[in-house]
$ cat structure19.txt   # compact mmCIF, C-alpha atoms
# COMPACT_ATOMS: atom_id res chain seq x y z
CA MET A 1 -120.88 -130.80 -73.64
CA ARG A 2 -123.86 -128.68 -74.70
CA ALA A 3 -125.13 -125.97 -72.36
CA VAL A 4 -127.46 -122.95 -72.25
CA VAL A 5 -125.18 -119.90 -72.27
CA TRP A 6 -126.04 -116.26 -71.51
CA HIS A 7 -124.82 -113.65 -74.00
CA GLY A 8 -126.95 -110.59 -73.22
CA ARG A 9 -130.42 -109.28 -72.60
CA ARG A 10 -132.88 -111.71 -74.22
CA ASP A 11 -129.96 -113.54 -75.80
CA VAL A 12 -129.36 -117.12 -74.65
CA ARG A 13 -127.73 -119.72 -76.87
CA VAL A 14 -127.00 -123.43 -76.74
CA GLU A 15 -123.28 -123.92 -77.26
CA THR A 16 -120.56 -126.52 -76.92
CA VAL A 17 -118.47 -125.78 -73.83
CA PRO A 18 -115.76 -127.74 -71.96
CA ASP A 19 -116.93 -130.63 -69.82
CA PRO A 20 -116.68 -129.90 -66.08
CA THR A 21 -114.15 -131.78 -63.98
CA ILE A 22 -113.68 -132.52 -60.29
CA THR A 23 -111.48 -129.83 -58.77
CA GLU A 24 -112.12 -130.36 -55.03
CA PRO A 25 -112.50 -133.51 -52.91
CA THR A 26 -116.08 -132.47 -52.13
CA ASP A 27 -117.11 -132.16 -55.83
CA ALA A 28 -119.30 -134.45 -57.87
CA ILE A 29 -120.08 -134.58 -61.59
CA VAL A 30 -123.73 -135.24 -62.47
CA ARG A 31 -125.10 -136.12 -65.91
CA ILE A 32 -128.27 -134.03 -66.14
CA THR A 33 -131.50 -135.77 -67.12
CA SER A 34 -133.93 -132.90 -66.38
CA SER A 35 -133.45 -129.20 -65.63
CA GLY A 36 -136.18 -126.64 -65.03
CA LEU A 37 -136.63 -123.19 -66.51
CA CYS A 38 -137.52 -120.95 -63.57
CA GLY A 39 -139.16 -117.55 -63.37
CA SER A 40 -135.96 -116.40 -61.68
CA ASP A 41 -134.09 -117.30 -64.88
CA LEU A 42 -136.21 -114.69 -66.61
CA HIS A 43 -134.72 -112.07 -64.28
CA LEU A 44 -131.35 -112.89 -65.84
CA TYR A 45 -132.89 -112.89 -69.30
CA GLU A 46 -134.49 -109.48 -68.84
CA VAL A 47 -133.26 -107.37 -65.92
CA MET A 48 -130.13 -108.66 -64.18
CA GLY A 49 -127.75 -108.53 -67.13
CA PRO A 50 -125.33 -106.10 -65.42
CA PHE A 51 -124.40 -108.91 -63.02
CA MET A 52 -123.86 -111.52 -65.76
CA SER A 53 -120.95 -112.25 -68.09
CA PRO A 54 -121.15 -113.63 -71.62
CA GLY A 55 -120.54 -117.35 -71.39
CA ASP A 56 -122.30 -117.89 -68.03
CA ILE A 57 -124.14 -121.23 -67.98
CA LEU A 58 -127.71 -120.88 -66.73
CA GLY A 59 -130.04 -123.06 -64.69
CA HIS A 60 -130.56 -123.94 -61.04
CA GLU A 61 -133.21 -126.69 -61.01
CA PRO A 62 -131.35 -129.85 -62.11
CA MET A 63 -131.41 -133.55 -61.42
CA GLY A 64 -129.57 -136.46 -62.98
CA VAL A 65 -127.25 -139.40 -62.46
CA VAL A 66 -123.91 -139.21 -60.64
CA GLU A 67 -120.96 -139.74 -63.00
CA ALA A 68 -118.05 -139.24 -60.58
CA VAL A 69 -117.36 -138.08 -57.02
CA GLY A 70 -114.39 -136.61 -55.18
CA SER A 71 -112.65 -138.41 -52.35
CA GLY A 72 -114.61 -136.43 -49.74
CA VAL A 73 -118.03 -137.51 -51.02
CA THR A 74 -119.36 -140.70 -49.44
CA HIS A 75 -123.18 -140.49 -49.28
CA ILE A 76 -123.62 -140.74 -53.07
CA ALA A 77 -121.78 -142.80 -55.69
CA PRO A 78 -121.61 -143.12 -59.48
CA GLY A 79 -124.92 -144.40 -60.81
CA ASP A 80 -127.05 -142.80 -58.07
CA ARG A 81 -130.04 -140.72 -59.11
CA VAL A 82 -129.93 -137.31 -57.42
CA VAL A 83 -131.61 -133.92 -57.24
CA ILE A 84 -129.38 -130.87 -56.77
CA PRO A 85 -130.62 -128.05 -54.47
CA PHE A 86 -130.27 -124.63 -56.07
CA ASN A 87 -128.38 -123.20 -53.10
CA ILE A 88 -124.86 -124.51 -52.47
CA ALA A 89 -124.35 -125.28 -48.79
CA CYS A 90 -121.74 -127.09 -46.69
CA GLY A 91 -123.98 -128.65 -44.01
CA ASP A 92 -121.38 -127.98 -41.30
CA CYS A 93 -121.51 -124.26 -40.45
CA ALA A 94 -123.73 -122.54 -37.89
CA MET A 95 -126.15 -121.28 -40.53
CA CYS A 96 -126.64 -124.74 -42.02
CA GLY A 97 -127.04 -126.15 -38.52
CA ALA A 98 -129.82 -123.63 -37.91
CA GLY A 99 -131.64 -124.71 -41.08
CA LEU A 100 -130.60 -121.57 -42.97
CA GLN A 101 -128.71 -123.23 -45.80
CA SER A 102 -129.37 -120.22 -48.04
CA GLN A 103 -127.03 -118.29 -45.71
CA CYS A 104 -124.27 -120.93 -45.59
CA GLU A 105 -121.15 -119.36 -44.08
CA THR A 106 -118.84 -121.52 -46.20
CA THR A 107 -120.25 -120.47 -49.58
CA GLN A 108 -121.41 -116.92 -48.78
CA VAL A 109 -120.35 -114.54 -51.54
CA ARG A 110 -118.72 -112.03 -49.23
CA GLU A 111 -117.30 -109.96 -52.09
CA HIS A 112 -120.85 -108.80 -52.79
CA ASP A 113 -122.21 -109.17 -49.24
CA LYS A 114 -124.63 -111.91 -50.31
CA GLY A 115 -125.74 -115.25 -48.93
CA ALA A 116 -124.93 -118.76 -50.11
CA ALA A 117 -123.70 -119.32 -53.64
CA LEU A 118 -126.32 -120.44 -56.17
CA PHE A 119 -126.08 -122.45 -59.35
CA GLY A 120 -126.34 -120.44 -62.55
CA TYR A 121 -127.13 -117.12 -60.92
CA THR A 122 -124.94 -114.05 -61.50
CA LYS A 123 -121.66 -112.94 -59.99
CA LEU A 124 -123.61 -111.73 -56.92
CA TYR A 125 -124.09 -115.39 -56.02
CA GLY A 126 -120.74 -116.83 -57.01
CA GLN A 127 -121.06 -117.15 -60.80
CA VAL A 128 -121.23 -120.94 -60.48
CA ALA A 129 -121.99 -122.78 -63.74
CA GLY A 130 -125.62 -123.87 -63.84
CA GLY A 131 -127.57 -127.00 -64.62
CA GLN A 132 -129.14 -126.28 -68.02
CA ALA A 133 -126.41 -128.43 -69.48
CA GLU A 134 -125.50 -132.02 -70.17
CA LEU A 135 -123.09 -132.18 -67.21
CA LEU A 136 -122.83 -130.25 -63.94
CA ARG A 137 -120.00 -129.89 -61.45
CA VAL A 138 -121.60 -129.90 -57.99
CA PRO A 139 -119.54 -128.22 -55.23
CA GLN A 140 -120.20 -129.28 -51.61
CA ALA A 141 -121.49 -132.59 -52.95
CA HIS A 142 -120.73 -134.27 -49.62
CA TYR A 143 -123.91 -132.56 -48.40
CA GLY A 144 -126.06 -131.05 -51.15
CA PRO A 145 -127.28 -133.77 -53.56
CA ILE A 146 -130.47 -135.55 -52.58
CA LYS A 147 -130.60 -139.23 -53.49
CA VAL A 148 -134.01 -140.21 -54.88
CA PRO A 149 -135.55 -143.59 -55.73
CA GLU A 150 -135.40 -145.24 -59.13
CA GLY A 151 -138.65 -145.81 -60.96
CA PRO A 152 -140.90 -142.74 -61.17
CA ALA A 153 -140.18 -140.20 -63.93
CA ASP A 154 -138.02 -137.15 -63.24
CA ASP A 155 -141.16 -134.99 -62.96
CA ARG A 156 -141.80 -136.59 -59.59
CA PHE A 157 -138.48 -135.43 -58.11
CA VAL A 158 -136.93 -132.55 -60.08
CA TYR A 159 -139.00 -129.93 -58.24
CA LEU A 160 -137.20 -130.81 -54.99
CA SER A 161 -134.39 -128.64 -56.36
CA ASP A 162 -136.35 -125.40 -55.97
CA VAL A 163 -140.11 -125.31 -56.64
CA LEU A 164 -141.29 -127.57 -53.83
CA PRO A 165 -139.05 -126.27 -51.01
CA THR A 166 -139.70 -122.67 -52.08
CA ALA A 167 -143.47 -123.22 -52.02
CA TRP A 168 -143.28 -125.18 -48.75
CA GLN A 169 -141.21 -122.48 -47.06
CA ALA A 170 -143.58 -119.80 -48.37
CA VAL A 171 -146.50 -121.57 -46.68
CA GLN A 172 -144.55 -122.21 -43.47
CA TYR A 173 -143.54 -118.55 -43.32
CA ALA A 174 -147.16 -117.51 -43.94
CA ALA A 175 -148.12 -118.98 -40.55
CA ILE A 176 -151.68 -119.79 -41.64
CA PRO A 177 -153.67 -120.70 -38.54
CA PRO A 178 -155.47 -124.09 -38.50
CA GLY A 179 -158.48 -123.79 -40.77
CA GLY A 180 -157.37 -120.31 -41.82
CA SER A 181 -157.29 -118.55 -45.17
CA VAL A 182 -154.52 -117.59 -47.57
CA VAL A 183 -154.31 -115.61 -50.79
CA VAL A 184 -151.54 -116.54 -53.25
CA LEU A 185 -150.53 -113.78 -55.65
CA GLY A 186 -149.13 -115.23 -58.86
CA LEU A 187 -149.92 -118.75 -60.04
CA GLY A 188 -146.69 -119.68 -61.75
CA PRO A 189 -145.04 -122.91 -60.58
CA ILE A 190 -144.24 -121.58 -57.08
CA GLY A 191 -147.63 -119.98 -56.53
CA SER A 192 -149.49 -122.98 -57.95
CA MET A 193 -147.60 -125.35 -55.68
CA ALA A 194 -148.01 -123.01 -52.68
CA CYS A 195 -151.79 -123.28 -53.15
CA ARG A 196 -151.55 -127.08 -53.07
CA VAL A 197 -149.21 -127.12 -50.07
CA ALA A 198 -151.44 -124.72 -48.12
CA ALA A 199 -154.47 -126.93 -48.69
CA HIS A 200 -152.45 -130.04 -47.80
CA LEU A 201 -151.36 -128.44 -44.53
CA GLY A 202 -154.90 -127.52 -43.50
CA ALA A 203 -155.89 -124.12 -44.90
CA SER A 204 -159.67 -124.05 -45.28
CA LYS A 205 -159.72 -121.35 -47.95
CA VAL A 206 -157.08 -120.87 -50.66
CA ILE A 207 -157.48 -118.12 -53.25
CA GLY A 208 -155.12 -117.74 -56.20
CA VAL A 209 -154.76 -114.47 -58.13
CA ASP A 210 -153.43 -114.29 -61.69
CA LEU A 211 -154.36 -113.27 -65.23
CA VAL A 212 -153.04 -116.19 -67.30
CA PRO A 213 -155.88 -118.60 -68.21
CA GLU A 214 -153.78 -121.78 -68.03
CA ARG A 215 -152.50 -120.89 -64.58
CA LEU A 216 -155.97 -120.06 -63.27
CA GLU A 217 -157.39 -123.31 -64.61
CA ARG A 218 -154.67 -125.38 -62.95
CA ALA A 219 -155.33 -123.71 -59.60
CA ARG A 220 -159.05 -124.42 -59.94
CA HIS A 221 -158.32 -128.02 -60.86
CA HIS A 222 -156.42 -128.47 -57.60
CA GLY A 223 -159.19 -126.98 -55.47
CA ALA A 224 -158.33 -123.28 -55.12
CA ASP A 225 -160.72 -120.42 -55.69
CA VAL A 226 -159.35 -117.89 -58.15
CA VAL A 227 -159.51 -114.19 -58.93
CA ASP A 228 -158.93 -113.44 -62.61
CA LEU A 229 -157.31 -110.03 -63.01
CA THR A 230 -158.56 -109.80 -66.60
CA ASP A 231 -162.09 -109.73 -65.17
CA VAL A 232 -161.40 -107.58 -62.11
CA GLY A 233 -158.92 -105.11 -63.62
CA ASP A 234 -155.82 -103.41 -62.20
CA ASP A 235 -157.50 -101.22 -59.59
CA VAL A 236 -156.32 -102.34 -56.16
CA ASP A 237 -159.66 -101.56 -54.48
CA ASP A 238 -161.51 -103.74 -56.99
CA ILE A 239 -159.08 -106.64 -56.48
CA VAL A 240 -159.33 -106.34 -52.69
CA SER A 241 -163.13 -106.30 -52.91
CA ALA A 242 -163.17 -109.40 -55.11
CA ILE A 243 -160.97 -111.29 -52.64
CA ARG A 244 -162.95 -110.21 -49.60
CA ASP A 245 -166.21 -111.16 -51.32
CA LEU A 246 -164.87 -114.69 -51.80
CA LEU A 247 -163.74 -114.85 -48.18
CA GLY A 248 -166.71 -113.12 -46.60
CA THR A 249 -164.26 -111.46 -44.20
CA SER A 250 -162.18 -108.32 -43.90
CA GLY A 251 -159.16 -110.09 -45.37
CA PRO A 252 -157.17 -113.33 -45.39
CA ASP A 253 -155.05 -114.51 -42.49
CA ALA A 254 -152.03 -114.64 -44.79
CA VAL A 255 -150.87 -113.58 -48.24
CA ILE A 256 -148.10 -115.24 -50.23
CA ASP A 257 -146.44 -113.01 -52.84
CA ALA A 258 -145.14 -115.45 -55.46
CA VAL A 259 -144.63 -112.74 -58.09
CA GLY A 260 -141.65 -110.53 -57.31
CA MET A 261 -140.08 -108.21 -59.86
CA GLU A 262 -142.15 -109.65 -62.71
CA ALA A 263 -145.30 -108.16 -61.17
CA HIS A 264 -148.00 -106.88 -63.50
CA GLY A 265 -149.22 -103.37 -63.13
CA SER A 266 -146.51 -100.70 -62.74
CA GLY A 267 -145.64 -98.73 -65.83
CA ALA A 268 -143.11 -96.60 -63.95
CA ALA A 269 -141.09 -99.59 -62.74
CA LYS A 270 -141.29 -101.23 -66.15
CA PHE A 271 -139.85 -98.03 -67.61
CA ALA A 272 -137.07 -98.09 -65.00
CA GLN A 273 -136.19 -101.65 -65.97
CA GLN A 274 -136.14 -100.73 -69.65
CA VAL A 275 -133.87 -97.77 -68.94
CA THR A 276 -131.37 -99.98 -67.13
CA ALA A 277 -131.09 -102.08 -70.27
CA LEU A 278 -129.94 -99.03 -72.23
CA LEU A 279 -127.23 -97.89 -69.81
CA PRO A 280 -123.65 -99.19 -69.65
CA ASP A 281 -123.38 -102.21 -67.35
CA ARG A 282 -121.05 -100.45 -64.90
CA VAL A 283 -123.67 -97.69 -64.47
CA THR A 284 -126.65 -100.05 -64.29
CA GLU A 285 -124.95 -102.29 -61.72
CA LYS A 286 -124.48 -99.37 -59.32
CA LEU A 287 -128.00 -98.09 -60.01
CA MET A 288 -129.64 -101.43 -59.22
CA GLN A 289 -127.63 -101.80 -56.00
CA ARG A 290 -128.80 -98.39 -54.79
CA ALA A 291 -132.17 -97.73 -56.41
CA GLY A 292 -135.63 -99.23 -56.82
CA VAL A 293 -136.32 -100.95 -60.14
CA ASP A 294 -139.09 -103.34 -59.10
CA ARG A 295 -142.76 -103.39 -59.98
CA LEU A 296 -144.28 -103.53 -56.50
CA ALA A 297 -147.90 -104.06 -57.52
CA ALA A 298 -148.12 -107.53 -55.98
CA LEU A 299 -146.45 -106.61 -52.69
CA ARG A 300 -148.59 -103.49 -52.33
CA LEU A 301 -151.69 -105.57 -53.00
CA ALA A 302 -150.58 -108.05 -50.34
CA ILE A 303 -150.20 -105.24 -47.81
CA GLU A 304 -153.62 -103.85 -48.69
CA VAL A 305 -155.60 -107.10 -48.65
CA VAL A 306 -154.16 -109.01 -45.66
CA ARG A 307 -156.21 -108.74 -42.49
CA ARG A 308 -154.96 -106.70 -39.56
CA GLY A 309 -152.45 -108.74 -37.62
CA GLY A 310 -151.96 -111.04 -40.60
CA THR A 311 -148.79 -112.33 -42.22
CA ILE A 312 -147.21 -111.74 -45.63
CA SER A 313 -144.84 -114.39 -46.91
CA LEU A 314 -142.60 -113.14 -49.68
CA SER A 315 -141.17 -115.76 -52.02
CA GLY A 316 -141.04 -113.66 -55.20
CA VAL A 317 -137.59 -112.25 -55.93
CA TYR A 318 -137.14 -108.47 -55.94
CA GLY A 319 -134.02 -106.79 -57.28
CA GLY A 320 -133.96 -103.15 -56.16
CA MET A 321 -132.28 -101.79 -53.04
CA THR A 322 -134.51 -98.84 -52.21
CA ASP A 323 -137.95 -99.85 -53.42
CA PRO A 324 -140.41 -97.71 -51.42
CA LEU A 325 -142.87 -99.47 -49.12
CA PRO A 326 -145.94 -98.08 -47.32
CA MET A 327 -144.40 -98.40 -43.88
CA MET A 328 -147.18 -96.46 -42.13
CA VAL A 329 -149.81 -98.91 -43.37
CA MET A 330 -147.67 -101.92 -42.51
CA PHE A 331 -147.08 -100.63 -38.99
CA ASP A 332 -150.71 -99.63 -38.43
CA LYS A 333 -152.04 -103.01 -39.58
CA GLN A 334 -149.39 -104.82 -37.50
CA ILE A 335 -148.40 -106.88 -40.51
CA GLN A 336 -145.79 -109.57 -40.05
CA LEU A 337 -143.46 -110.08 -43.01
CA ARG A 338 -141.18 -113.06 -43.67
CA MET A 339 -139.03 -113.67 -46.72
CA GLY A 340 -135.86 -115.22 -48.08
CA GLN A 341 -134.36 -117.77 -50.43
CA ALA A 342 -135.66 -121.26 -49.72
CA ASN A 343 -133.49 -123.34 -47.41
CA VAL A 344 -133.84 -126.44 -49.57
CA LYS A 345 -132.29 -129.10 -47.37
CA ARG A 346 -134.26 -127.92 -44.33
CA TRP A 347 -137.52 -129.06 -45.90
CA ILE A 348 -136.51 -132.24 -47.74
CA ASP A 349 -137.51 -134.60 -44.91
CA ASP A 350 -141.02 -133.11 -45.08
CA LEU A 351 -141.23 -133.16 -48.86
CA LEU A 352 -139.59 -136.38 -50.02
CA PRO A 353 -142.37 -138.62 -48.60
CA LEU A 354 -144.94 -136.57 -50.54
CA VAL A 355 -143.37 -137.46 -53.88
CA ALA A 356 -141.51 -140.74 -53.35
CA GLU A 357 -144.28 -143.34 -53.09
CA ARG A 358 -147.23 -141.43 -54.53
CA ASP A 359 -147.81 -137.98 -55.99
CA VAL A 360 -149.56 -136.31 -53.06
CA LEU A 361 -149.18 -132.74 -54.39
CA GLY A 362 -149.83 -133.47 -58.06
CA VAL A 363 -146.34 -132.54 -59.22
CA GLU A 364 -146.55 -134.81 -62.26
CA ASP A 365 -148.90 -132.37 -64.01
CA LEU A 366 -146.87 -129.23 -63.26
CA ALA A 367 -144.71 -129.18 -66.40
CA SER A 368 -146.53 -127.84 -69.44
CA HIS A 369 -143.58 -128.52 -71.76
CA HIS A 370 -140.75 -131.07 -71.95
CA LEU A 371 -138.16 -129.84 -74.43
CA PRO A 372 -134.69 -130.81 -75.61
CA LEU A 373 -131.89 -128.54 -74.45
CA GLU A 374 -131.37 -127.32 -78.01
CA ASP A 375 -134.78 -125.59 -77.87
CA ALA A 376 -133.74 -123.36 -74.95
CA PRO A 377 -133.66 -120.01 -76.83
CA ALA A 378 -137.22 -120.49 -78.07
CA ALA A 379 -138.29 -121.78 -74.64
CA TYR A 380 -137.01 -118.67 -72.87
CA ASP A 381 -138.90 -116.46 -75.31
CA MET A 382 -142.08 -118.53 -74.94
CA PHE A 383 -141.88 -118.51 -71.14
CA GLN A 384 -141.13 -114.78 -70.99
CA ASN A 385 -144.13 -113.95 -73.19
CA LYS A 386 -146.41 -116.63 -71.65
CA THR A 387 -147.32 -118.06 -75.05
CA GLU A 388 -148.27 -121.62 -76.07
CA GLY A 389 -149.64 -122.32 -72.60
CA ALA A 390 -146.19 -122.21 -71.01
CA VAL A 391 -146.51 -122.72 -67.25
CA LYS A 392 -143.42 -124.80 -66.45
CA ILE A 393 -140.73 -125.95 -68.88
CA LEU A 394 -138.36 -128.84 -68.27
CA PHE A 395 -135.28 -129.31 -70.44
CA GLN A 396 -134.16 -132.87 -71.01
CA PRO A 397 -130.54 -132.92 -72.20
CA ALA A 398 -129.54 -135.79 -74.46
CA ALA A 399 -127.84 -138.67 -72.65
$ encode --input "structure19.txt" --output "structure tokens"
Amino acid sequence: MRAVVWHGRRDVRVETVPDPTITEPTDAIVRITSSGLCGSDLHLYEVMGPFMSPGDILGHEPMGVVEAVGSGVTHIAPGDRVVIPFNIACGDCAMCGAGLQSQCETTQVREHDKGAALFGYTKLYGQVAGGQAELLRVPQAHYGPIKVPEGPADDRFVYLSDVLPTAWQAVQYAAIPPGGSVVVLGLGPIGSMACRVAAHLGASKVIGVDLVPERLERARHHGADVVDLTDVGDDVDDIVSAIRDLLGTSGPDAVIDAVGMEAHGSGAAKFAQQVTALLPDRVTEKLMQRAGVDRLAALRLAIEVVRRGGTISLSGVYGGMTDPLPMMVMFDKQIQLRMGQANVKRWIDDLLPLVAERDVLGVEDLASHHLPLEDAPAAYDMFQNKTEGAVKILFQPAA
């Protein structure tokens, strides 16, 4: 089969690799029809190379048609159309029972003291082959795959793998009071969808912050107010003032950080990331597990702008172990902070009705590009550099 394979920093290739096979009774093989390119994939493309190996297959946002199932898989069958959650969970352990599938005790990567295994995401999370490929072996398929209706195009359902549950959890964790206000930092796919979910769930004021014109326009189109950083600038006080002027208050009830380590605005952290790329992997791996290499501009802005007693919901992925935070400010303002990988299966009952019969959240306009798998190297470069209006890219492997 053909698959998107990692070979080094900013070096992904589409290669012919062996077809996956069923190795456990709880496995399934899925022929992929759509697979998303996620901002988290750019972390592997740019920063997280020390935890990758040449030949790793990328991708964690797939859907497709079941080709075969193991003897322990009964809720899906060959021919079924399914979405695959990005976290691999058993459904039987205490963590899964508590709705914390991202911490599944069966698939936890204990060697690296991490949570549930993930598709296509470094040795820290199990080094499981990902879904930017023609075929995917799905472990724990007795629980994970989500059967979806025939009919609507893949764009209606593929985001159940990651984007929709991540955005939904971000809003739930933000604890926006009825009729309250929220600021969403970063209007990529997660941030854009978080704006829509917040409005759907009753927020009276939703403000999106970004600097990419296409992202800002999409947020406006779906009813959010926006702050354009190219107009306001990088000064935190100016950004805070612009947000508070829109709100007419001392700050929003909640802030969602949908940016993470790709945050704009910290030359020092950017330099640290560039330095890690020049060091031997064995050195960089230890450095990243013990040091701070993130650009914390977005998180610091969230801390500054949220009202006293407000909540920050962190859905952007950070990679450093000792990134410094302004603890005095956080304590003084009595800020509540929630974060974590999305627990995909926990939210599916809430989300599936919003996409199955009609497109309540407008997911059908989220993808800016539909590309064949063979175009993956150019797509990664385009998405990394935010050129050609790239907001969300879906790969569509050949049948």
$ residues_around --input "structure19.txt" --residues "Ser315 in chain A" --least-positions-apart "6" --cutoff "8 Å" --atoms "all atoms listed in the file" --output "list in words"
Thr166, Ala167, Ala170, Ile256, Asp257, Ala258, Val259, Gly260, Met339, Gly340 and Gln341 of chain A
$ closest_residue --input "structure19.txt" --among "A:Val163, A:Ile348, A:Ala254, A:Val232" --to "Gln336 in chain A" --atoms "only C-alpha atoms"
A:Ala254
$ closest_atom_pairs --input "structure19.txt" --of "range 144-234 of chain A" --to "range 46-65 of chain A" --cutoff "10 Å" --atoms "only C-alpha atoms" --output "Markdown table"
| residue | atom | partner | partner_atom | distance |
| --- | --- | --- | --- | --- |
| A:Pro145 | CA | A:Met63 | CA | 8.9 |
| A:Ile146 | CA | A:Met63 | CA | 9.1 |
| A:Lys147 | CA | A:Val65 | CA | 9.6 |
| A:Val148 | CA | A:Met63 | CA | 9.7 |
| A:Asp154 | CA | A:Met63 | CA | 7.7 |
| A:Asp155 | CA | A:Met63 | CA | 10.0 |
| A:Phe157 | CA | A:Met63 | CA | 8.0 |
| A:Val158 | CA | A:Met63 | CA | 5.8 |
| A:Tyr159 | CA | A:Glu61 | CA | 7.2 |
| A:Leu160 | CA | A:Glu61 | CA | 8.3 |
| A:Ser161 | CA | A:Glu61 | CA | 5.2 |
| A:Asp162 | CA | A:Glu61 | CA | 6.1 |
| A:Val163 | CA | A:Glu61 | CA | 8.3 |
$ residues_around --input "structure19.txt" --residues "Gly180 in chain A" --least-positions-apart "6" --cutoff "12 Å" --atoms "all atoms listed in the file" --output "PyMOL selection string"
chain A and resi 171+174+198-199+201-207+247+249+251-255+307+310-311
$ closest_residue --input "structure19.txt" --among "A:Val183, A:Ala356, A:Met1, A:Cys96" --to "Pro152 in chain A" --atoms "only C-alpha atoms"
A:Ala356
$ closest_residue --input "structure19.txt" --among "A:Arg137, A:Lys392, A:Arg2, A:Lys123" --to "Thr21 in chain A" --atoms "all atoms listed in the file"
A:Arg137
$ closest_residue --input "structure19.txt" --among "A:Pro149, A:Gly70, A:Gly97, A:Gly126" --to "Val109 in chain A" --atoms "all atoms listed in the file"
A:Gly126
$ residues_around --input "structure19.txt" --residues "Arg358 in chain A" --least-positions-apart "2" --cutoff "12 Å" --atoms "all atoms listed in the file" --output "list in words"
Pro149, Gly151, Pro152, Ala153, Arg156, Phe157, Leu351, Leu352, Pro353, Leu354, Val355, Ala356, Val360, Leu361, Gly362, Val363 and Glu364 of chain A
